[in-house]
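Shown next: data06.cif, containing mmCIF, N, CA and C atoms.
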```cif
data_protein
#
loop_
_atom_site.label_atom_id
_atom_site.label_comp_id
_atom_site.auth_asym_id
_atom_site.auth_seq_id
_atom_site.Cartn_x
_atom_site.Cartn_y
_atom_site.Cartn_z
N LEU F 8 24.14 99.76 80.05
CA LEU F 8 25.41 100.42 80.23
C LEU F 8 25.57 101.55 79.22
N PHE F 9 26.24 102.59 79.70
CA PHE F 9 26.48 103.74 78.85
C PHE F 9 27.99 103.90 78.67
N PHE F 10 28.48 103.88 77.44
CA PHE F 10 29.90 104.01 77.15
C PHE F 10 30.17 105.38 76.54
N LEU F 11 31.21 106.02 77.04
CA LEU F 11 31.64 107.29 76.46
C LEU F 11 32.60 107.01 75.31
N PRO F 12 32.63 107.89 74.32
CA PRO F 12 33.60 107.70 73.25
C PRO F 12 35.02 107.90 73.79
N ARG F 13 35.97 107.48 73.00
CA ARG F 13 37.37 107.64 73.39
C ARG F 13 37.63 109.09 73.80
N GLY F 14 38.27 109.27 74.95
CA GLY F 14 38.53 110.61 75.46
C GLY F 14 37.53 110.99 76.54
N GLY F 15 36.56 110.14 76.81
CA GLY F 15 35.62 110.37 77.90
C GLY F 15 34.73 111.57 77.72
N GLY F 16 34.45 111.97 76.50
CA GLY F 16 33.57 113.10 76.27
C GLY F 16 34.27 114.44 76.38
N LYS F 17 35.59 114.46 76.58
CA LYS F 17 36.35 115.71 76.69
C LYS F 17 36.61 116.25 75.29
N LYS F 18 36.69 117.56 75.19
CA LYS F 18 36.96 118.20 73.91
C LYS F 18 38.41 117.95 73.51
N ALA F 19 38.62 117.50 72.31
CA ALA F 19 39.97 117.26 71.80
C ALA F 19 40.61 118.59 71.41
N ILE F 20 41.86 118.74 71.75
CA ILE F 20 42.61 119.94 71.38
C ILE F 20 43.61 119.52 70.31
N PRO F 21 43.47 120.06 69.11
CA PRO F 21 44.40 119.64 68.05
C PRO F 21 45.81 120.18 68.31
N ILE F 22 46.79 119.41 67.92
CA ILE F 22 48.18 119.83 68.04
C ILE F 22 48.57 120.38 66.69
N GLU F 23 48.77 121.67 66.67
CA GLU F 23 49.09 122.31 65.41
C GLU F 23 50.46 122.95 65.51
N PRO F 24 51.16 123.04 64.41
CA PRO F 24 52.47 123.67 64.44
C PRO F 24 52.39 125.14 64.83
N GLN F 25 53.39 125.60 65.62
CA GLN F 25 53.48 127.00 65.99
C GLN F 25 53.94 127.83 64.80
N THR F 26 54.85 127.26 64.05
CA THR F 26 55.32 127.91 62.83
C THR F 26 55.33 126.82 61.76
N GLU F 27 55.72 127.19 60.60
CA GLU F 27 55.77 126.19 59.53
C GLU F 27 56.88 125.18 59.76
N THR F 28 57.89 125.55 60.55
CA THR F 28 59.03 124.65 60.72
C THR F 28 59.11 123.98 62.09
N SER F 29 58.28 124.39 63.04
CA SER F 29 58.37 123.76 64.36
C SER F 29 57.02 123.23 64.79
N PRO F 30 57.00 122.10 65.48
CA PRO F 30 55.73 121.53 65.94
C PRO F 30 55.17 122.32 67.11
N GLY F 31 53.93 122.06 67.45
CA GLY F 31 53.28 122.74 68.57
C GLY F 31 53.86 122.36 69.92
N PHE F 32 54.33 121.17 70.06
CA PHE F 32 55.03 120.78 71.29
C PHE F 32 56.21 119.92 70.88
N GLU F 33 57.18 119.86 71.75
CA GLU F 33 58.37 119.09 71.44
C GLU F 33 58.56 118.00 72.47
N VAL F 34 58.92 116.85 72.02
CA VAL F 34 59.24 115.75 72.91
C VAL F 34 60.73 115.85 73.21
N ALA F 35 61.05 115.77 74.50
CA ALA F 35 62.45 115.88 74.90
C ALA F 35 63.27 114.76 74.28
N THR F 36 64.41 115.13 73.78
CA THR F 36 65.33 114.15 73.22
C THR F 36 65.95 113.39 74.38
N PRO F 37 65.89 112.06 74.36
CA PRO F 37 66.49 111.32 75.47
C PRO F 37 67.99 111.56 75.53
N ILE F 38 68.50 111.66 76.75
CA ILE F 38 69.93 111.85 76.95
C ILE F 38 70.64 110.55 76.58
N GLN F 39 71.59 110.67 75.71
CA GLN F 39 72.34 109.50 75.28
C GLN F 39 73.48 109.27 76.26
N THR F 40 73.35 108.23 77.08
CA THR F 40 74.39 107.91 78.04
C THR F 40 75.07 106.63 77.61
N ASN F 41 76.36 106.66 77.58
CA ASN F 41 77.13 105.47 77.26
C ASN F 41 77.04 104.53 78.46
N PRO F 42 76.46 103.34 78.28
CA PRO F 42 76.29 102.41 79.40
C PRO F 42 77.62 102.01 80.05
N ASP F 43 78.68 101.89 79.25
CA ASP F 43 79.98 101.52 79.81
C ASP F 43 80.51 102.62 80.73
N LYS F 44 80.34 103.87 80.31
CA LYS F 44 80.81 104.98 81.15
C LYS F 44 79.97 105.10 82.41
N ALA F 45 78.67 104.89 82.29
CA ALA F 45 77.80 104.93 83.46
C ALA F 45 78.18 103.83 84.45
N TYR F 46 78.47 102.64 83.94
CA TYR F 46 78.90 101.52 84.79
C TYR F 46 80.22 101.86 85.47
N ASP F 47 81.19 102.38 84.70
CA ASP F 47 82.50 102.72 85.27
C ASP F 47 82.37 103.80 86.34
N ARG F 48 81.51 104.77 86.11
CA ARG F 48 81.31 105.83 87.11
C ARG F 48 80.71 105.24 88.39
N GLU F 49 79.75 104.36 88.23
CA GLU F 49 79.14 103.71 89.40
C GLU F 49 80.17 102.87 90.15
N TRP F 50 81.02 102.19 89.39
CA TRP F 50 82.11 101.41 90.01
C TRP F 50 83.03 102.33 90.81
N ALA F 51 83.39 103.45 90.24
CA ALA F 51 84.30 104.39 90.91
C ALA F 51 83.68 104.94 92.19
N VAL F 52 82.42 105.33 92.12
CA VAL F 52 81.74 105.86 93.30
C VAL F 52 81.64 104.80 94.39
N THR F 53 81.30 103.58 94.00
CA THR F 53 81.19 102.48 94.96
C THR F 53 82.54 102.19 95.61
N LEU F 54 83.59 102.20 94.81
CA LEU F 54 84.94 101.96 95.34
C LEU F 54 85.30 103.03 96.37
N LEU F 55 85.01 104.29 96.07
CA LEU F 55 85.29 105.37 97.01
C LEU F 55 84.46 105.22 98.28
N GLU F 56 83.20 104.85 98.15
CA GLU F 56 82.34 104.66 99.32
C GLU F 56 82.88 103.56 100.23
N HIS F 57 83.30 102.45 99.62
CA HIS F 57 83.83 101.34 100.41
C HIS F 57 85.14 101.73 101.10
N SER F 58 85.97 102.48 100.40
CA SER F 58 87.22 102.95 101.00
C SER F 58 86.94 103.88 102.17
N LEU F 59 85.94 104.73 102.03
CA LEU F 59 85.56 105.65 103.10
C LEU F 59 85.03 104.88 104.31
N ILE F 60 84.24 103.86 104.06
CA ILE F 60 83.71 103.03 105.16
C ILE F 60 84.85 102.32 105.88
N ASP F 61 85.78 101.78 105.13
CA ASP F 61 86.93 101.11 105.75
C ASP F 61 87.74 102.07 106.61
N LEU F 62 87.92 103.28 106.10
CA LEU F 62 88.67 104.29 106.84
C LEU F 62 87.94 104.69 108.11
N LYS F 63 86.65 104.87 108.01
CA LYS F 63 85.84 105.21 109.18
C LYS F 63 85.93 104.11 110.23
N ASN F 64 85.80 102.86 109.79
CA ASN F 64 85.89 101.73 110.73
C ASN F 64 87.25 101.68 111.42
N ALA F 65 88.31 101.96 110.69
CA ALA F 65 89.65 101.96 111.27
C ALA F 65 89.78 103.07 112.33
N PHE F 66 89.26 104.24 112.04
CA PHE F 66 89.30 105.34 113.01
C PHE F 66 88.48 104.99 114.25
N GLU F 67 87.29 104.45 114.04
CA GLU F 67 86.44 104.10 115.18
C GLU F 67 87.06 103.00 116.02
N LYS F 68 87.69 102.04 115.37
CA LYS F 68 88.34 100.94 116.08
C LYS F 68 89.47 101.46 116.98
N SER F 69 90.14 102.52 116.53
CA SER F 69 91.22 103.09 117.33
C SER F 69 90.73 104.19 118.27
N GLY F 70 89.41 104.35 118.39
CA GLY F 70 88.85 105.33 119.31
C GLY F 70 88.89 106.76 118.81
N LYS F 71 89.03 106.92 117.50
CA LYS F 71 89.14 108.27 116.91
C LYS F 71 87.98 108.57 115.98
N GLY F 72 86.80 108.09 116.32
CA GLY F 72 85.62 108.32 115.49
C GLY F 72 85.30 109.79 115.30
N LYS F 73 85.42 110.58 116.38
CA LYS F 73 85.15 112.02 116.28
C LYS F 73 86.15 112.68 115.34
N GLN F 74 87.40 112.26 115.43
CA GLN F 74 88.42 112.83 114.55
C GLN F 74 88.09 112.54 113.09
N PHE F 75 87.64 111.32 112.81
CA PHE F 75 87.25 110.98 111.44
C PHE F 75 86.11 111.86 110.97
N ASP F 76 85.10 112.04 111.82
CA ASP F 76 83.92 112.84 111.45
C ASP F 76 84.30 114.27 111.06
N VAL F 77 85.32 114.80 111.69
CA VAL F 77 85.76 116.16 111.36
C VAL F 77 86.68 116.16 110.14
N LEU F 78 87.62 115.24 110.10
CA LEU F 78 88.63 115.23 109.04
C LEU F 78 88.11 114.77 107.69
N LYS F 79 87.07 113.96 107.67
CA LYS F 79 86.57 113.42 106.39
C LYS F 79 86.16 114.52 105.42
N HIS F 80 85.84 115.69 105.94
CA HIS F 80 85.42 116.79 105.07
C HIS F 80 86.54 117.29 104.17
N TRP F 81 87.77 116.98 104.52
CA TRP F 81 88.91 117.41 103.69
C TRP F 81 89.32 116.35 102.68
N LEU F 82 88.68 115.21 102.66
CA LEU F 82 89.07 114.18 101.69
C LEU F 82 88.81 114.58 100.25
N PRO F 83 87.68 115.19 99.93
CA PRO F 83 87.48 115.59 98.54
C PRO F 83 88.21 116.86 98.15
N GLY F 84 88.81 117.52 99.08
CA GLY F 84 89.49 118.79 98.78
C GLY F 84 89.36 119.72 99.96
N GLU F 85 88.74 120.84 99.72
CA GLU F 85 88.54 121.83 100.77
C GLU F 85 87.25 121.53 101.53
N SER F 86 87.25 121.91 102.80
CA SER F 86 86.08 121.69 103.64
C SER F 86 85.29 122.99 103.78
N SER F 87 84.03 122.83 104.15
CA SER F 87 83.19 124.01 104.36
C SER F 87 83.46 124.64 105.72
N ILE F 88 84.14 123.92 106.61
CA ILE F 88 84.50 124.52 107.90
C ILE F 88 85.97 124.90 107.86
N SER F 89 86.30 125.91 108.62
CA SER F 89 87.69 126.38 108.61
C SER F 89 88.56 125.44 109.44
N GLN F 90 89.84 125.46 109.13
CA GLN F 90 90.77 124.62 109.87
C GLN F 90 90.87 125.05 111.33
N SER F 91 90.71 126.33 111.60
CA SER F 91 90.79 126.78 112.98
C SER F 91 89.60 126.25 113.80
N VAL F 92 88.42 126.22 113.20
CA VAL F 92 87.24 125.68 113.88
C VAL F 92 87.42 124.18 114.11
N ALA F 93 87.90 123.46 113.08
CA ALA F 93 88.12 122.02 113.21
C ALA F 93 89.18 121.73 114.27
N ALA F 94 90.24 122.52 114.30
CA ALA F 94 91.30 122.32 115.30
C ALA F 94 90.73 122.49 116.70
N THR F 95 89.89 123.48 116.88
CA THR F 95 89.25 123.70 118.18
C THR F 95 88.36 122.52 118.55
N GLN F 96 87.58 122.02 117.58
CA GLN F 96 86.69 120.88 117.83
C GLN F 96 87.47 119.65 118.28
N LEU F 97 88.66 119.47 117.71
CA LEU F 97 89.46 118.29 118.01
C LEU F 97 90.52 118.54 119.08
N ASN F 98 90.54 119.77 119.60
CA ASN F 98 91.52 120.14 120.62
C ASN F 98 92.95 119.93 120.11
N LEU F 99 93.18 120.41 118.88
CA LEU F 99 94.49 120.32 118.23
C LEU F 99 94.95 121.72 117.83
N SER F 100 96.25 121.86 117.66
CA SER F 100 96.75 123.11 117.09
C SER F 100 96.46 123.06 115.59
N GLU F 101 96.49 124.21 114.93
CA GLU F 101 96.24 124.22 113.49
C GLU F 101 97.30 123.43 112.75
N GLY F 102 98.53 123.46 113.23
CA GLY F 102 99.61 122.68 112.61
C GLY F 102 99.34 121.18 112.73
N ALA F 103 98.90 120.75 113.92
CA ALA F 103 98.59 119.33 114.13
C ALA F 103 97.39 118.92 113.27
N LEU F 104 96.43 119.82 113.09
CA LEU F 104 95.28 119.52 112.24
C LEU F 104 95.73 119.31 110.79
N LYS F 105 96.61 120.17 110.31
CA LYS F 105 97.10 120.03 108.93
C LYS F 105 97.80 118.69 108.73
N VAL F 106 98.55 118.27 109.73
CA VAL F 106 99.22 116.96 109.67
C VAL F 106 98.17 115.84 109.66
N ALA F 107 97.13 115.98 110.48
CA ALA F 107 96.07 114.97 110.54
C ALA F 107 95.32 114.88 109.20
N ILE F 108 95.07 116.03 108.57
CA ILE F 108 94.42 116.05 107.26
C ILE F 108 95.30 115.35 106.24
N HIS F 109 96.59 115.66 106.27
CA HIS F 109 97.54 115.02 105.35
C HIS F 109 97.54 113.51 105.54
N ARG F 110 97.54 113.07 106.78
CA ARG F 110 97.58 111.63 107.07
C ARG F 110 96.29 110.92 106.66
N ILE F 111 95.15 111.54 106.89
CA ILE F 111 93.89 110.87 106.50
C ILE F 111 93.80 110.77 104.98
N ARG F 112 94.33 111.75 104.28
CA ARG F 112 94.33 111.68 102.82
C ARG F 112 95.23 110.54 102.33
N ILE F 113 96.36 110.37 102.97
CA ILE F 113 97.27 109.27 102.62
C ILE F 113 96.59 107.93 102.88
N LYS F 114 95.92 107.81 104.03
CA LYS F 114 95.24 106.55 104.36
C LYS F 114 94.10 106.28 103.38
N PHE F 115 93.38 107.30 103.01
CA PHE F 115 92.28 107.15 102.05
C PHE F 115 92.82 106.69 100.70
N ARG F 116 93.88 107.34 100.24
CA ARG F 116 94.50 106.98 98.97
C ARG F 116 94.99 105.53 99.00
N LYS F 117 95.58 105.14 100.12
CA LYS F 117 96.08 103.76 100.27
C LYS F 117 94.92 102.77 100.22
N SER F 118 93.82 103.10 100.88
CA SER F 118 92.64 102.24 100.86
C SER F 118 92.09 102.09 99.44
N ILE F 119 92.06 103.18 98.71
CA ILE F 119 91.59 103.13 97.32
C ILE F 119 92.50 102.25 96.48
N LYS F 120 93.80 102.44 96.62
CA LYS F 120 94.76 101.63 95.86
C LYS F 120 94.63 100.15 96.21
N THR F 121 94.41 99.85 97.48
CA THR F 121 94.23 98.45 97.90
C THR F 121 93.00 97.85 97.24
N LYS F 122 91.92 98.61 97.21
CA LYS F 122 90.68 98.12 96.58
C LYS F 122 90.88 97.95 95.07
N ILE F 123 91.57 98.86 94.45
CA ILE F 123 91.84 98.73 93.01
C ILE F 123 92.70 97.50 92.76
N ALA F 124 93.69 97.27 93.60
CA ALA F 124 94.58 96.12 93.44
C ALA F 124 93.80 94.80 93.47
N GLN F 125 92.68 94.79 94.17
CA GLN F 125 91.85 93.59 94.23
C GLN F 125 91.08 93.36 92.94
N THR F 126 91.03 94.36 92.07
CA THR F 126 90.25 94.24 90.83
C THR F 126 91.10 94.00 89.59
N VAL F 127 92.41 94.07 89.73
CA VAL F 127 93.29 93.88 88.58
C VAL F 127 94.13 92.62 88.76
N SER F 128 94.48 91.99 87.65
CA SER F 128 95.28 90.76 87.73
C SER F 128 96.77 91.06 87.85
N ASN F 129 97.17 92.23 87.38
CA ASN F 129 98.58 92.60 87.40
C ASN F 129 98.76 93.82 88.31
N PRO F 130 99.57 93.71 89.37
CA PRO F 130 99.77 94.86 90.27
C PRO F 130 100.31 96.12 89.59
N ASP F 131 100.95 95.92 88.44
CA ASP F 131 101.48 97.08 87.71
C ASP F 131 100.37 97.95 87.12
N HIS F 132 99.15 97.44 87.09
CA HIS F 132 98.04 98.18 86.50
C HIS F 132 97.29 99.06 87.50
N VAL F 133 97.70 99.03 88.77
CA VAL F 133 96.99 99.80 89.80
C VAL F 133 97.02 101.30 89.48
N GLN F 134 98.18 101.82 89.14
CA GLN F 134 98.30 103.26 88.86
C GLN F 134 97.46 103.65 87.65
N GLU F 135 97.45 102.79 86.64
CA GLU F 135 96.64 103.07 85.45
C GLU F 135 95.16 103.10 85.80
N GLU F 136 94.71 102.16 86.62
CA GLU F 136 93.31 102.12 87.05
C GLU F 136 92.97 103.32 87.93
N LEU F 137 93.92 103.73 88.76
CA LEU F 137 93.71 104.92 89.61
C LEU F 137 93.52 106.16 88.74
N ARG F 138 94.33 106.29 87.71
CA ARG F 138 94.18 107.42 86.79
C ARG F 138 92.83 107.36 86.08
N TYR F 139 92.40 106.15 85.71
CA TYR F 139 91.11 105.99 85.05
C TYR F 139 89.98 106.34 86.01
N LEU F 140 90.09 105.94 87.26
CA LEU F 140 89.08 106.26 88.28
C LEU F 140 88.93 107.78 88.39
N ILE F 141 90.04 108.48 88.44
CA ILE F 141 90.01 109.95 88.55
C ILE F 141 89.37 110.54 87.29
N ASP F 142 89.71 109.99 86.13
CA ASP F 142 89.14 110.46 84.87
C ASP F 142 87.63 110.25 84.84
N VAL F 143 87.19 109.09 85.28
CA VAL F 143 85.76 108.76 85.27
C VAL F 143 84.97 109.71 86.19
N LEU F 144 85.58 110.09 87.29
CA LEU F 144 84.89 110.96 88.25
C LEU F 144 84.98 112.43 87.89
N SER F 145 85.84 112.77 86.93
CA SER F 145 86.01 114.18 86.56
C SER F 145 84.89 114.66 85.67
#
```

Before we go any further, please render this structure as structure tokens.
Amino acid sequence: LFFLPRGGGKKAIPIEPQTETSPGFEVATPIQTNPDKAYDREWAVTLLEHSLIDLKNAFEKSGKGKQFDVLKHWLPGESSISQSVAATQLNLSEGALKVAIHRIRIKFRKSIKTKIAQTVSNPDHVQEELRYLIDVLS
């Protein structure tokens, strides 16, 4: 058997400083993430996802799945499609679309509050948790 020395016979390249004060290569400093904040953010995202699923199921159950698919884009704020295009897709006037957007936002908020209420022992803490959820996602 023939064994090669460490490095497999390849020429070693020394790592020398570029200047007197800096090394030849730098190892990236690991990002310091607070595990509690990461957990809380994951909790917040999961809560929003579950609320969205519940809302979608409610719309589909009432035969309004297409309406949900169009309106859900306004839940985080502004949509990438215009309200006039969405109104045409749903065969609604722009005024009726604005009302539908307002209503889906209310339903979404209610679903979120319901889910938060399931995680706190005191119902008076729901608003505080909702504010914390918004803070965590900001």

Point to revise | Counting all atoms listed in the file, the option among F:Arg138, F:Lys117, F:His57, F:Arg112 closest to Leu78 (chain F) | key: F:Arg112

Practice item. Could you expand the PyMOL selection byres (((chain F and resi 136 and name CA) around 12) and name CA) into the explicit residues it covers here, written as number ranges by chain? Key: F: 47, 50-51, 54, 119-135, 137-143

**Study point:** the PyMOL selection byres (((chain F and resi 106-108 and name CA) around 10) and name CA) applied to the shown file, residues as a ChimeraX atom specification
**Key:** /F:74-75,77-82,90,94,99-105,109-114

Review point. For the atom pair CA of Arg48 (chain F) and CA of Gly72 (chain F), what is the interatomic distance in Å to one decimal place?
Key: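 Straight-line distance from CA of Arg48 (chain F) to CA of Gly72 (chain F) works out to 28.8 Å.
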
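If you look at CA of Gln96 (chain F) and CA of Leu55 (chain F), they are 26.0 Å away from each other.
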
**Study point:** Those in region 26-114 of chain F with alpha helix (DSSP H) from DSSP, as a VMD selection string
**Key:** chain F and resid 42 to 68 72 to 78 90 to 97 101 to 114

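Going from CA of Val52 (chain F) over to atom N of Pro83 (chain F), you cover 12.9 Å.
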